[in-house]
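**Student:** Handing over coords_7.cif, mmCIF, C-alpha atoms and all ligand atoms.
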```cif
data_upload
#
loop_
_atom_site.label_atom_id
_atom_site.label_comp_id
_atom_site.auth_asym_id
_atom_site.auth_seq_id
_atom_site.Cartn_x
_atom_site.Cartn_y
_atom_site.Cartn_z
CA MET A 26 -32.77 24.06 -121.09
CA THR A 27 -29.83 25.06 -123.29
CA HIS A 28 -31.65 26.76 -126.17
CA ILE A 29 -34.64 29.00 -126.63
CA VAL A 30 -36.18 30.74 -129.64
CA MET A 31 -37.86 34.10 -128.93
CA LYS A 32 -39.89 35.81 -131.65
CA PHE A 33 -40.98 39.45 -131.81
CA GLY A 34 -43.52 40.70 -134.36
CA GLY A 35 -43.82 44.08 -136.01
CA SER A 36 -46.07 45.47 -133.27
CA SER A 37 -43.31 44.89 -130.69
CA LEU A 38 -40.69 46.60 -132.88
CA ALA A 39 -42.72 49.54 -134.14
CA ASP A 40 -40.13 52.20 -133.18
CA THR A 41 -36.57 52.44 -131.82
CA GLN A 42 -37.80 52.86 -128.22
CA LYS A 43 -39.69 49.56 -128.49
CA ILE A 44 -36.60 47.90 -129.99
CA LYS A 45 -34.58 48.99 -126.94
CA GLU A 46 -37.24 47.55 -124.60
CA VAL A 47 -37.20 44.25 -126.49
CA ALA A 48 -33.39 44.18 -126.15
CA ARG A 49 -33.72 44.47 -122.35
CA LEU A 50 -36.20 41.58 -122.20
CA ILE A 51 -33.90 39.40 -124.32
CA ILE A 52 -31.00 40.07 -121.94
CA GLU A 53 -33.18 39.00 -118.98
CA ARG A 54 -34.07 35.77 -120.79
CA LYS A 55 -30.42 35.10 -121.66
CA LYS A 56 -29.60 35.00 -117.91
CA GLU A 57 -31.74 31.81 -117.71
CA THR A 58 -30.85 30.20 -121.05
CA LYS A 59 -27.38 29.86 -122.54
CA ASN A 60 -28.19 29.92 -126.24
CA VAL A 61 -30.77 32.42 -127.42
CA VAL A 62 -32.07 32.79 -130.98
CA VAL A 63 -34.31 35.79 -131.62
CA VAL A 64 -36.51 35.89 -134.71
CA VAL A 65 -37.95 39.25 -135.76
CA SER A 66 -40.47 40.64 -138.24
CA ALA A 67 -40.29 43.98 -140.01
CA MET A 68 -40.91 47.10 -137.90
CA GLY A 69 -44.56 48.13 -137.45
CA LYS A 70 -46.41 48.32 -140.76
CA THR A 71 -43.27 48.25 -142.91
CA THR A 72 -44.33 45.24 -144.97
CA ASN A 73 -47.66 46.90 -145.86
CA GLN A 74 -45.85 50.08 -146.87
CA LEU A 75 -43.45 48.14 -149.09
CA ILE A 76 -46.40 46.40 -150.79
CA GLU A 77 -48.13 49.77 -151.33
CA MET A 78 -45.00 51.16 -152.97
CA ALA A 79 -44.76 48.16 -155.29
CA ASN A 80 -48.44 48.57 -156.23
CA GLU A 81 -47.86 52.23 -157.07
CA ILE A 82 -45.36 51.02 -159.65
CA SER A 83 -47.21 47.98 -160.98
CA LEU A 84 -50.60 46.30 -160.55
CA LEU A 85 -49.00 42.85 -160.81
CA PRO A 86 -45.41 43.31 -159.66
CA ASN A 87 -42.91 40.59 -160.46
CA LYS A 88 -42.97 38.12 -157.58
CA ARG A 89 -39.25 37.47 -157.43
CA GLU A 90 -38.67 41.19 -157.04
CA MET A 91 -41.41 41.30 -154.40
CA ASP A 92 -39.46 38.71 -152.40
CA VAL A 93 -36.35 40.91 -152.57
CA LEU A 94 -38.35 44.01 -151.61
CA LEU A 95 -40.33 42.48 -148.72
CA ALA A 96 -37.33 40.70 -147.23
CA SER A 97 -35.69 44.10 -146.75
CA GLY A 98 -38.10 44.96 -143.91
CA GLU A 99 -36.80 42.22 -141.62
CA GLN A 100 -33.21 43.17 -142.38
CA VAL A 101 -33.80 46.61 -140.84
CA SER A 102 -35.10 45.03 -137.61
CA ILE A 103 -32.31 42.47 -137.15
CA SER A 104 -29.56 45.06 -137.45
CA LEU A 105 -31.24 47.65 -135.19
CA LEU A 106 -32.03 45.05 -132.54
CA SER A 107 -28.48 43.74 -132.60
CA MET A 108 -27.20 47.33 -132.19
CA ALA A 109 -29.57 47.82 -129.24
CA LEU A 110 -28.09 44.69 -127.61
CA HIS A 111 -24.55 45.94 -128.23
CA SER A 112 -25.37 49.24 -126.56
CA LEU A 113 -26.40 47.22 -123.48
CA ASP A 114 -23.03 45.41 -123.59
CA GLN A 115 -24.52 42.17 -124.86
CA GLU A 116 -22.74 40.40 -127.70
CA SER A 117 -25.02 39.57 -130.58
CA ILE A 118 -25.07 39.12 -134.34
CA SER A 119 -27.78 39.63 -136.93
CA LEU A 120 -28.26 36.98 -139.64
CA THR A 121 -30.44 37.15 -142.75
CA GLY A 122 -32.47 34.06 -143.67
CA TRP A 123 -29.76 32.65 -145.90
CA GLN A 124 -26.99 33.36 -143.41
CA ALA A 125 -29.05 31.44 -140.84
CA GLY A 126 -29.29 28.50 -143.27
CA ILE A 127 -33.05 28.66 -143.92
CA LYS A 128 -33.57 26.80 -147.21
CA THR A 129 -36.96 27.13 -148.88
CA TYR A 130 -38.89 25.86 -151.91
CA GLY A 131 -42.12 26.61 -153.77
CA ASN A 132 -43.76 29.64 -155.35
CA SER A 133 -42.36 33.14 -154.83
CA MET A 134 -43.89 35.06 -151.91
CA LYS A 135 -45.38 31.83 -150.52
CA GLN A 136 -42.33 29.65 -150.06
CA ARG A 137 -42.08 26.82 -147.55
CA ILE A 138 -39.15 25.87 -145.40
CA LYS A 139 -37.32 22.79 -146.66
CA ASP A 140 -34.68 22.54 -143.96
CA ILE A 141 -32.39 24.61 -141.81
CA ASP A 142 -28.64 24.25 -141.55
CA THR A 143 -28.01 25.53 -138.02
CA SER A 144 -24.19 25.38 -138.17
CA ARG A 145 -23.69 29.17 -138.40
CA ILE A 146 -26.13 29.73 -135.52
CA SER A 147 -24.25 27.17 -133.39
CA GLN A 148 -20.90 28.77 -134.23
CA GLU A 149 -22.17 32.17 -133.06
CA HIS A 150 -23.62 30.63 -129.90
CA GLN A 151 -20.23 29.11 -129.12
CA ARG A 152 -18.82 32.64 -129.31
CA GLY A 153 -21.35 33.67 -126.63
CA LYS A 154 -23.51 35.71 -128.97
CA ILE A 155 -27.25 36.09 -129.09
CA VAL A 156 -28.27 35.31 -132.66
CA ILE A 157 -30.89 37.57 -134.26
CA VAL A 158 -32.47 35.99 -137.35
CA ALA A 159 -34.61 37.74 -139.95
CA GLY A 160 -38.00 36.02 -139.93
CA PHE A 161 -40.24 35.51 -142.98
CA GLN A 162 -37.30 34.88 -145.34
CA GLY A 163 -34.85 32.31 -146.59
CA TYR A 164 -33.23 31.33 -149.87
CA ASP A 165 -34.50 28.95 -152.53
CA GLU A 166 -32.90 26.21 -154.66
CA ASP A 167 -31.65 28.85 -157.13
CA ASP A 168 -30.18 31.01 -154.34
CA ASN A 169 -32.91 33.63 -154.70
CA ILE A 170 -34.05 35.49 -151.61
CA SER A 171 -37.45 34.03 -150.74
CA THR A 172 -40.31 34.98 -148.42
CA LEU A 173 -42.80 32.74 -146.66
CA GLY A 174 -46.12 34.60 -147.06
CA ARG A 175 -47.72 37.19 -144.76
CA GLY A 176 -47.24 36.52 -141.06
CA GLY A 177 -44.46 34.05 -141.96
CA SER A 178 -42.02 34.98 -139.22
CA ASP A 179 -44.00 32.89 -136.72
CA THR A 180 -43.23 29.93 -138.99
CA SER A 181 -39.54 30.90 -139.16
CA ALA A 182 -39.43 30.93 -135.35
CA VAL A 183 -41.08 27.55 -134.82
CA ALA A 184 -39.02 26.00 -137.64
CA LEU A 185 -35.82 27.18 -135.92
CA ALA A 186 -37.11 25.74 -132.63
CA VAL A 187 -37.69 22.43 -134.44
CA ALA A 188 -34.16 22.52 -135.91
CA LEU A 189 -32.63 23.33 -132.50
CA ASN A 190 -35.09 21.05 -130.65
CA CYS A 191 -36.08 23.69 -128.12
CA PRO A 192 -39.22 25.60 -127.01
CA CYS A 193 -40.45 28.66 -128.88
CA GLU A 194 -41.76 31.85 -127.26
CA ILE A 195 -43.77 34.25 -129.40
CA TYR A 196 -43.92 37.76 -127.93
CA THR A 197 -46.61 40.11 -129.18
CA ASP A 198 -48.77 43.07 -128.16
CA VAL A 199 -51.33 40.99 -126.23
CA ASP A 200 -50.70 38.80 -123.19
CA GLY A 201 -51.82 35.53 -124.73
CA ILE A 202 -54.49 33.93 -126.89
CA TYR A 203 -57.96 35.20 -126.04
CA THR A 204 -61.42 33.78 -126.54
CA ALA A 205 -61.91 36.49 -129.20
CA ASP A 206 -59.75 39.32 -130.57
CA PRO A 207 -59.42 41.59 -127.49
CA ARG A 208 -59.49 44.62 -129.81
CA ILE A 209 -63.06 43.73 -130.74
CA VAL A 210 -64.35 42.06 -127.55
CA LYS A 211 -62.96 44.16 -124.70
CA ASN A 212 -64.00 41.59 -122.10
CA ALA A 213 -62.52 38.54 -123.83
CA LYS A 214 -60.63 36.07 -121.60
CA VAL A 215 -57.05 34.83 -121.90
CA ILE A 216 -56.86 31.07 -122.54
CA SER A 217 -54.01 29.67 -120.43
CA ARG A 218 -53.61 26.37 -122.31
CA ILE A 219 -54.86 25.41 -125.75
CA SER A 220 -54.39 22.32 -127.91
CA TYR A 221 -52.43 22.56 -131.16
CA GLU A 222 -55.51 21.46 -133.04
CA GLU A 223 -57.86 24.10 -131.70
CA CYS A 224 -55.19 26.78 -132.00
CA MET A 225 -54.53 25.79 -135.61
CA GLU A 226 -58.21 26.09 -136.40
CA MET A 227 -58.29 29.55 -134.76
CA ALA A 228 -55.19 30.69 -136.60
CA SER A 229 -56.34 29.48 -140.00
CA LEU A 230 -59.72 31.11 -139.39
CA GLY A 231 -58.10 34.48 -138.85
CA ALA A 232 -56.93 34.92 -135.23
CA LYS A 233 -53.80 36.83 -136.22
CA VAL A 234 -52.01 36.20 -132.94
CA ILE A 235 -50.12 33.21 -134.42
CA GLU A 236 -49.79 31.83 -137.93
CA ALA A 237 -51.46 28.46 -138.62
CA ARG A 238 -48.36 27.01 -140.31
CA ALA A 239 -46.34 27.72 -137.19
CA VAL A 240 -48.83 25.84 -135.01
CA ASP A 241 -48.86 22.95 -137.48
CA LEU A 242 -45.06 22.68 -137.31
CA GLY A 243 -45.14 22.83 -133.52
CA SER A 244 -47.73 20.10 -133.46
CA ARG A 245 -45.91 17.78 -135.86
CA PHE A 246 -42.60 18.06 -134.01
CA GLY A 247 -43.99 18.38 -130.47
CA ILE A 248 -42.48 21.84 -129.88
CA PRO A 249 -44.13 23.71 -127.00
CA ILE A 250 -45.10 27.23 -128.06
CA LYS A 251 -45.83 30.05 -125.65
CA ILE A 252 -47.58 33.29 -126.62
CA ALA A 253 -46.64 36.11 -124.27
CA LEU A 254 -46.73 39.89 -123.88
CA ASN A 255 -43.68 41.71 -125.26
CA THR A 256 -42.85 43.11 -121.81
CA GLY A 257 -42.54 39.60 -120.38
CA GLN A 258 -45.40 40.25 -117.93
CA GLY A 259 -48.33 37.87 -117.39
CA GLN A 260 -48.75 34.13 -117.77
CA GLY A 261 -49.39 33.97 -121.49
CA THR A 262 -50.83 30.97 -123.32
CA ILE A 263 -49.19 27.57 -123.79
CA ILE A 264 -49.99 25.72 -127.01
CA GLU A 265 -49.52 22.01 -126.45
CA LYS A 266 -50.84 18.53 -127.17
CA GLY A 267 -54.53 18.29 -126.25
CA LYS A 268 -55.18 16.64 -122.92
CA LYS A 269 -58.13 14.42 -122.40
CA ASP A 270 -59.86 16.83 -120.06
CA MET A 271 -59.67 19.53 -122.73
CA LEU A 272 -62.39 17.63 -124.57
CA GLU A 273 -64.80 18.34 -121.75
CA GLU A 274 -64.58 22.11 -122.12
CA ASN A 275 -67.05 24.61 -123.47
CA VAL A 276 -68.62 23.69 -126.80
CA ILE A 277 -67.30 26.94 -128.25
CA ASN A 278 -63.97 28.33 -127.02
CA ASN A 279 -63.32 31.08 -129.52
CA VAL A 280 -64.73 33.45 -132.12
CA SER A 281 -62.25 34.33 -134.88
CA VAL A 282 -62.37 36.80 -137.74
CA LEU A 283 -60.55 36.55 -141.05
CA ASP A 284 -60.34 40.04 -142.56
CA ASN A 285 -59.66 40.94 -146.18
CA VAL A 286 -61.74 38.24 -147.81
CA VAL A 287 -63.11 38.49 -151.36
CA LEU A 288 -66.27 36.64 -152.41
CA PHE A 289 -66.41 35.73 -156.12
CA ASN A 290 -69.44 34.56 -158.06
CA VAL A 291 -68.96 33.19 -161.60
CA ASN A 292 -72.26 33.01 -163.52
CA ASN A 293 -73.36 29.65 -164.98
CA PHE A 294 -69.88 28.20 -164.60
CA GLY A 295 -71.19 25.03 -162.94
CA LYS A 296 -72.39 23.90 -166.38
CA GLU A 297 -68.72 23.39 -167.35
CA PRO A 298 -67.35 21.03 -164.68
CA ARG A 299 -64.12 20.34 -166.61
CA GLN A 300 -63.27 24.02 -166.79
CA VAL A 301 -64.13 24.40 -163.10
CA LEU A 302 -61.75 21.55 -162.32
CA LYS A 303 -59.00 23.19 -164.38
CA LEU A 304 -59.57 26.50 -162.63
CA PHE A 305 -59.28 24.98 -159.17
CA GLU A 306 -56.24 22.91 -160.19
CA TYR A 307 -54.58 26.08 -161.42
CA PHE A 308 -55.29 27.83 -158.12
CA ALA A 309 -53.87 24.87 -156.19
CA ASN A 310 -50.69 24.64 -158.29
CA ASN A 311 -50.06 28.35 -157.86
CA ASP A 312 -50.67 28.44 -154.10
CA ILE A 313 -53.72 30.67 -154.52
CA ASN A 314 -55.85 29.72 -151.59
CA ILE A 315 -59.53 29.24 -152.46
CA ASP A 316 -62.00 28.74 -149.68
CA VAL A 317 -65.77 28.35 -148.98
CA ILE A 318 -66.76 27.01 -152.41
CA SER A 319 -70.42 26.55 -153.35
CA GLN A 320 -72.53 25.94 -156.43
CA ASN A 321 -76.11 27.18 -156.40
CA PHE A 322 -79.30 26.15 -158.20
CA ASN A 323 -78.66 28.33 -161.27
CA ASP A 324 -75.17 26.84 -161.64
CA ASP A 325 -73.28 29.90 -160.45
CA ILE A 326 -70.05 28.96 -158.68
CA SER A 327 -69.04 31.03 -155.67
CA PHE A 328 -65.81 30.93 -153.71
CA THR A 329 -63.71 33.16 -151.51
CA SER A 330 -60.05 34.15 -151.69
CA LYS A 331 -57.69 36.43 -149.79
CA LYS A 332 -57.70 40.07 -150.86
CA GLU A 333 -53.96 39.89 -151.52
CA ASP A 334 -54.72 37.36 -154.28
CA LEU A 335 -57.52 39.45 -155.85
CA GLU A 336 -55.67 40.48 -159.02
CA ASP A 337 -54.30 36.97 -159.54
CA VAL A 338 -57.76 35.41 -159.14
CA LYS A 339 -59.33 37.87 -161.60
CA THR A 340 -56.64 37.12 -164.17
CA VAL A 341 -57.05 33.36 -163.71
CA ILE A 342 -60.87 33.42 -163.98
CA SER A 343 -60.63 35.31 -167.27
CA LYS A 344 -58.13 32.71 -168.48
CA PHE A 345 -60.49 29.76 -167.88
CA THR A 346 -63.90 31.14 -168.77
CA ASP A 347 -65.76 33.82 -170.73
CA HIS A 348 -68.61 33.80 -168.20
CA LYS A 349 -69.37 36.98 -166.34
CA TYR A 350 -68.28 37.19 -162.73
CA GLN A 351 -68.85 39.54 -159.83
CA TYR A 352 -66.86 39.98 -156.65
CA LYS A 353 -67.34 41.63 -153.26
CA ASP A 354 -64.13 42.76 -151.60
CA ASP A 355 -65.66 44.10 -148.40
CA VAL A 356 -66.47 40.82 -146.66
CA ILE A 357 -64.95 38.89 -143.75
CA LYS A 358 -65.18 35.36 -142.44
CA VAL A 359 -66.48 34.99 -138.88
CA SER A 360 -66.04 31.59 -137.22
CA VAL A 361 -67.01 29.94 -133.96
CA ILE A 362 -64.54 27.26 -132.87
CA GLY A 363 -64.49 24.57 -130.21
CA ASN A 364 -63.40 20.96 -129.74
CA GLY A 365 -66.67 20.30 -127.99
CA MET A 366 -68.54 20.70 -131.30
CA ARG A 367 -67.54 17.13 -132.08
CA TYR A 368 -69.79 15.86 -129.34
CA GLN A 369 -72.57 18.41 -129.07
CA SER A 370 -75.12 19.58 -131.59
CA GLY A 371 -77.14 22.77 -131.72
CA VAL A 372 -74.32 25.24 -132.37
CA ALA A 373 -75.55 26.13 -135.89
CA ALA A 374 -79.05 26.82 -134.58
CA LYS A 375 -77.71 29.03 -131.80
CA VAL A 376 -75.51 30.98 -134.24
CA TYR A 377 -78.44 31.36 -136.63
CA GLU A 378 -80.46 32.83 -133.80
CA VAL A 379 -77.69 35.39 -133.14
CA PHE A 380 -77.60 36.43 -136.81
CA THR A 381 -81.39 36.79 -136.83
CA ASN A 382 -81.52 38.80 -133.60
CA GLU A 383 -78.72 41.08 -134.76
CA ASP A 384 -80.27 41.41 -138.22
CA VAL A 385 -76.99 40.46 -139.90
CA LYS A 386 -77.07 38.52 -143.17
CA PHE A 387 -74.47 36.03 -144.31
CA TYR A 388 -73.55 35.00 -147.86
CA GLN A 389 -71.92 31.60 -147.35
CA VAL A 390 -71.45 29.03 -144.59
CA SER A 391 -68.81 26.35 -144.22
CA THR A 392 -68.09 23.85 -141.48
CA SER A 393 -65.33 21.64 -140.18
CA GLU A 394 -65.47 19.13 -137.33
CA ILE A 395 -64.71 21.84 -134.80
CA SER A 396 -65.85 25.10 -136.41
CA ILE A 397 -68.60 26.88 -138.35
CA SER A 398 -67.73 29.89 -140.51
CA TYR A 399 -69.90 32.60 -142.05
CA ILE A 400 -69.05 35.13 -144.79
CA VAL A 401 -70.53 38.48 -143.75
CA ASP A 402 -70.18 42.17 -144.63
CA GLN A 403 -67.16 43.77 -142.98
CA CYS A 404 -69.33 46.58 -141.57
CA ASN A 405 -71.05 44.03 -139.30
CA LYS A 406 -67.82 42.73 -137.75
CA GLU A 407 -68.01 44.29 -134.27
CA LYS A 408 -71.73 43.72 -133.90
CA ILE A 409 -71.71 40.03 -134.76
CA VAL A 410 -68.45 39.10 -133.00
CA THR A 411 -69.55 40.80 -129.77
CA ALA A 412 -72.96 39.11 -129.91
CA LEU A 413 -71.42 35.68 -130.55
CA ALA A 414 -68.92 36.14 -127.68
CA LYS A 415 -71.81 36.97 -125.36
CA THR A 416 -73.94 34.04 -126.52
CA PHE A 417 -71.16 31.48 -126.06
CA ASP A 418 -69.97 32.78 -122.64
CA LEU A 419 -66.59 33.95 -123.90
CA GLU A 420 -66.35 37.08 -121.78
CA LYS A 421 -64.74 37.66 -118.38
CA GLY A 422 -67.09 36.98 -115.52
CA ASP A 423 -68.74 34.09 -117.36
CA HIS A 424 -68.61 30.88 -115.44
CA HIS A 425 -66.26 28.78 -117.59
CA GLU A 426 -62.65 28.34 -116.49
CA TYR A 427 -59.73 27.74 -118.84
P1 LIG B 501 -47.24 40.64 -134.23
O1 LIG B 501 -46.93 41.98 -134.80
O2 LIG B 501 -46.62 40.43 -132.89
O3 LIG B 501 -46.98 39.51 -135.18
P2 LIG B 501 -50.07 40.44 -134.81
O4 LIG B 501 -50.69 41.78 -135.06
O5 LIG B 501 -49.75 39.59 -136.00
O6 LIG B 501 -48.78 40.67 -133.91
O7 LIG B 501 -50.98 39.59 -133.81
C1 LIG B 501 -51.38 40.13 -132.58
C2 LIG B 501 -52.80 40.64 -132.71
O8 LIG B 501 -53.68 39.53 -132.94
C3 LIG B 501 -53.36 41.27 -131.44
O9 LIG B 501 -53.05 42.64 -131.37
C4 LIG B 501 -54.86 41.02 -131.56
O10 LIG B 501 -55.57 42.17 -131.94
C5 LIG B 501 -54.98 39.98 -132.68
N1 LIG B 501 -55.83 38.84 -132.33
C6 LIG B 501 -56.82 38.35 -133.10
N2 LIG B 501 -57.45 37.35 -132.50
C7 LIG B 501 -56.85 37.16 -131.30
C8 LIG B 501 -57.05 36.27 -130.21
N3 LIG B 501 -58.01 35.33 -130.25
N4 LIG B 501 -56.25 36.38 -129.13
C9 LIG B 501 -55.27 37.31 -129.09
N5 LIG B 501 -55.04 38.20 -130.09
C10 LIG B 501 -55.81 38.13 -131.19
N1 LIG B 502 -43.26 41.16 -142.02
C1 LIG B 502 -44.04 40.07 -142.55
C2 LIG B 502 -45.52 40.47 -142.65
O1 LIG B 502 -45.88 41.58 -142.27
C3 LIG B 502 -43.87 38.81 -141.77
C4 LIG B 502 -44.45 38.81 -140.40
O2 LIG B 502 -44.82 39.85 -139.86
O3 LIG B 502 -44.54 37.72 -139.81
O4 LIG B 502 -46.29 39.71 -143.12
MG MG B 503 -48.09 38.28 -136.57
#
```
Rewrite the coordinates I just gave you, this time as structure tokens.
Ligand code: ADP
Ligand code: ASP
Ligand code: MG
**Tutor:**
Amino acid sequence: MTHIVMKFGGSSLADTQKIKEVARLIIERKKETKNVVVVVSAMGKTTNQLIEMANEISLLPNKREMDVLLASGEQVSISLLSMALHSLDQESISLTGWQAGIKTYGNSMKQRIKDIDTSRISQEHQRGKIVIVAGFQGYDEDDNISTLGRGGSDTSAVALAVALNCPCEIYTDVDGIYTADPRIVKNAKVISRISYEECMEMASLGAKVIEARAVDLGSRFGIPIKIALNTGQGQGTIIEKGKKDMLEENVINNVSVLDNVVLFNVNNFGKEPRQVLKLFEYFANNDINIDVISQNFNDDISFTSKKEDLEDVKTVISKFTDHKYQYKDDVIKVSVIGNGMRYQSGVAAKVYEVFTNEDVKFYQVSTSEISISYIVDQCNKEKIVTALAKTFDLEKGDHHEY
């Protein structure tokens, strides 16, 4: 193998000590692979802090300026990491998104990667340097600095692996993908191999460990992705094309939680289908992701959105209707996921039993071929996730092997 892309998230770069440790791991990896590209996120919670500062100045900050502001976080990490490598006598260079040739398009703060011109990266590799690229950012058709949406540096990493046609390793603060968030379910098990499809479902239903867009890219271009601990220890998880025997697994392989969900209810709106259509078209055209939509008997329309889009959604609803609306911004989406759901029934009944036994109510339900999701109060998160993990044998010591 001549190339490798390694990605480190904010949790692995939270302070300068951690940056030095990451530098040592990169040098170890470079002994095995000639050309190393490292993609990094902003240090620790930097991106959140930058957003808070912007919100102290404005409730709806200008999105182009937000791109400029948020991209600054990753620029701190690339330079510090490159300095850490230099101090270990390793040649390296930091590149911003545009210097690395990452061209993007679309709406500010939610841009997509159009293509990557890897010539600068190759030049630096020929000079023997490790190339450190700022994740989460690029430049758009008008040469503006752009960002890819929260968690976007996973996508930067896999996109670079696609452009360089090499594997991608994502290093984080856990030693692989688990059957449930190990912070909630202490006994959750590491999954050694997972199909792109199941992983994508998990990621889009909230398992933060990798971004769904990154898995989708990996799947479309056949790029193997490994999730591993930021110390390099442990086996990690390989995300790859589903094998036939994967279909014979557990019915449910994972419980995921999407935090920061908002549930909206617009009164009587269902009586105006044309306006509803316009509203949803507007959301779609502006990359405002609307989820779990339902219309009930008294023609109220309910749907969920991400909390980061709350102000936008409120503004848009008021634009399209005079009807009253309510929202709850303290809910989450809890999902059970498994390829085996295609072939076996009874999952919904079993989940319903768990909700009844735990005395937890849910507001909305949605399903896909391989998952069922429930909108529940945030305060019930630990209780319901732990109970579901127990019910579906997702803890260590249970008899299923992965
Ligand atoms: P990074 O800073 O490296 O991008 P993230 O915080 O985005 O890391 O993702 C890692 C976190 O994802 C872990 O600390 C863990 O709490 C969480 N997580 C949620 N679901 C899962 C899961 N199924 N397996 C592993 N980690 C998970
Ligand atoms: N720093 C960005 C964020 O916090 C990108 C990333 O971490 O992937 O969303
Ligand atoms: Mg992340």
**Student:** Between A:Arg208, A:Arg137, A:Lys55, A:Lys43, which residue has the minimum interatomic distance to A:Ile155, considering all atoms listed in the file?
**Tutor:**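 Result for the nearest residue to A:Ile155: A:Lys55.
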**Student:** If the limit is 6 Å from any atom of ligand LIG 501 (chain B), counting only C-alpha atoms and all ligand atoms, which residues qualify? Return them as number ranges by chain.
**Tutor:** A: 33-37, 197-199, 201-208, 232-234
**Student:** Just write the chosen residues, C-alpha atoms, as a short mmCIF file (atom, residue, chain, number, x, y, z; two decimals), keeping the file's coordinate frame.
**Tutor:**
```cif
data_model
loop_
_atom_site.label_atom_id
_atom_site.label_comp_id
_atom_site.auth_asym_id
_atom_site.auth_seq_id
_atom_site.Cartn_x
_atom_site.Cartn_y
_atom_site.Cartn_z
CA PHE A 33 -40.98 39.45 -131.81
CA GLY A 34 -43.52 40.70 -134.36
CA GLY A 35 -43.82 44.08 -136.01
CA SER A 36 -46.07 45.47 -133.27
CA SER A 37 -43.31 44.89 -130.69
CA THR A 197 -46.61 40.11 -129.18
CA ASP A 198 -48.77 43.07 -128.16
CA VAL A 199 -51.33 40.99 -126.23
CA GLY A 201 -51.82 35.53 -124.73
CA ILE A 202 -54.49 33.93 -126.89
CA TYR A 203 -57.96 35.20 -126.04
CA THR A 204 -61.42 33.78 -126.54
CA ALA A 205 -61.91 36.49 -129.20
CA ASP A 206 -59.75 39.32 -130.57
CA PRO A 207 -59.42 41.59 -127.49
CA ARG A 208 -59.49 44.62 -129.81
CA ALA A 232 -56.93 34.92 -135.23
CA LYS A 233 -53.80 36.83 -136.22
CA VAL A 234 -52.01 36.20 -132.94
#
```
**Student:** Ranking A:Gln351, A:Gln151, A:Thr72, A:Thr346 by minimum distance to A:Arg299 and counting all atoms listed in the file, which one comes first?
**Tutor:**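 Smallest separation from A:Arg299 among the options: A:Thr346.
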**Student:** Neighbours of ligand LIG 502 (chain B) within 10 Å, counting all atoms listed in the file, as an NGL selection string?
**Tutor:** :A and (32-36 or 64-76 or 95-99 or 159-162 or 172-182 or 233 or 235-236)
**Student:** Please measure the separation of atom CA of A:Glu222 and atom CA of A:Ser396, giving the value in Å to one decimal.
**Tutor:**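 Calculated distance between atom CA of A:Glu222 and atom CA of A:Ser396 is 11.5 Å.
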**Student:** Of the candidates A:Ser117, A:Thr411, A:Asn311, A:Asn321, which one gets nearest to A:Val341 if we count only C-alpha atoms?
**Tutor:**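 Among the listed residues, A:Asn311 lies closest to A:Val341.
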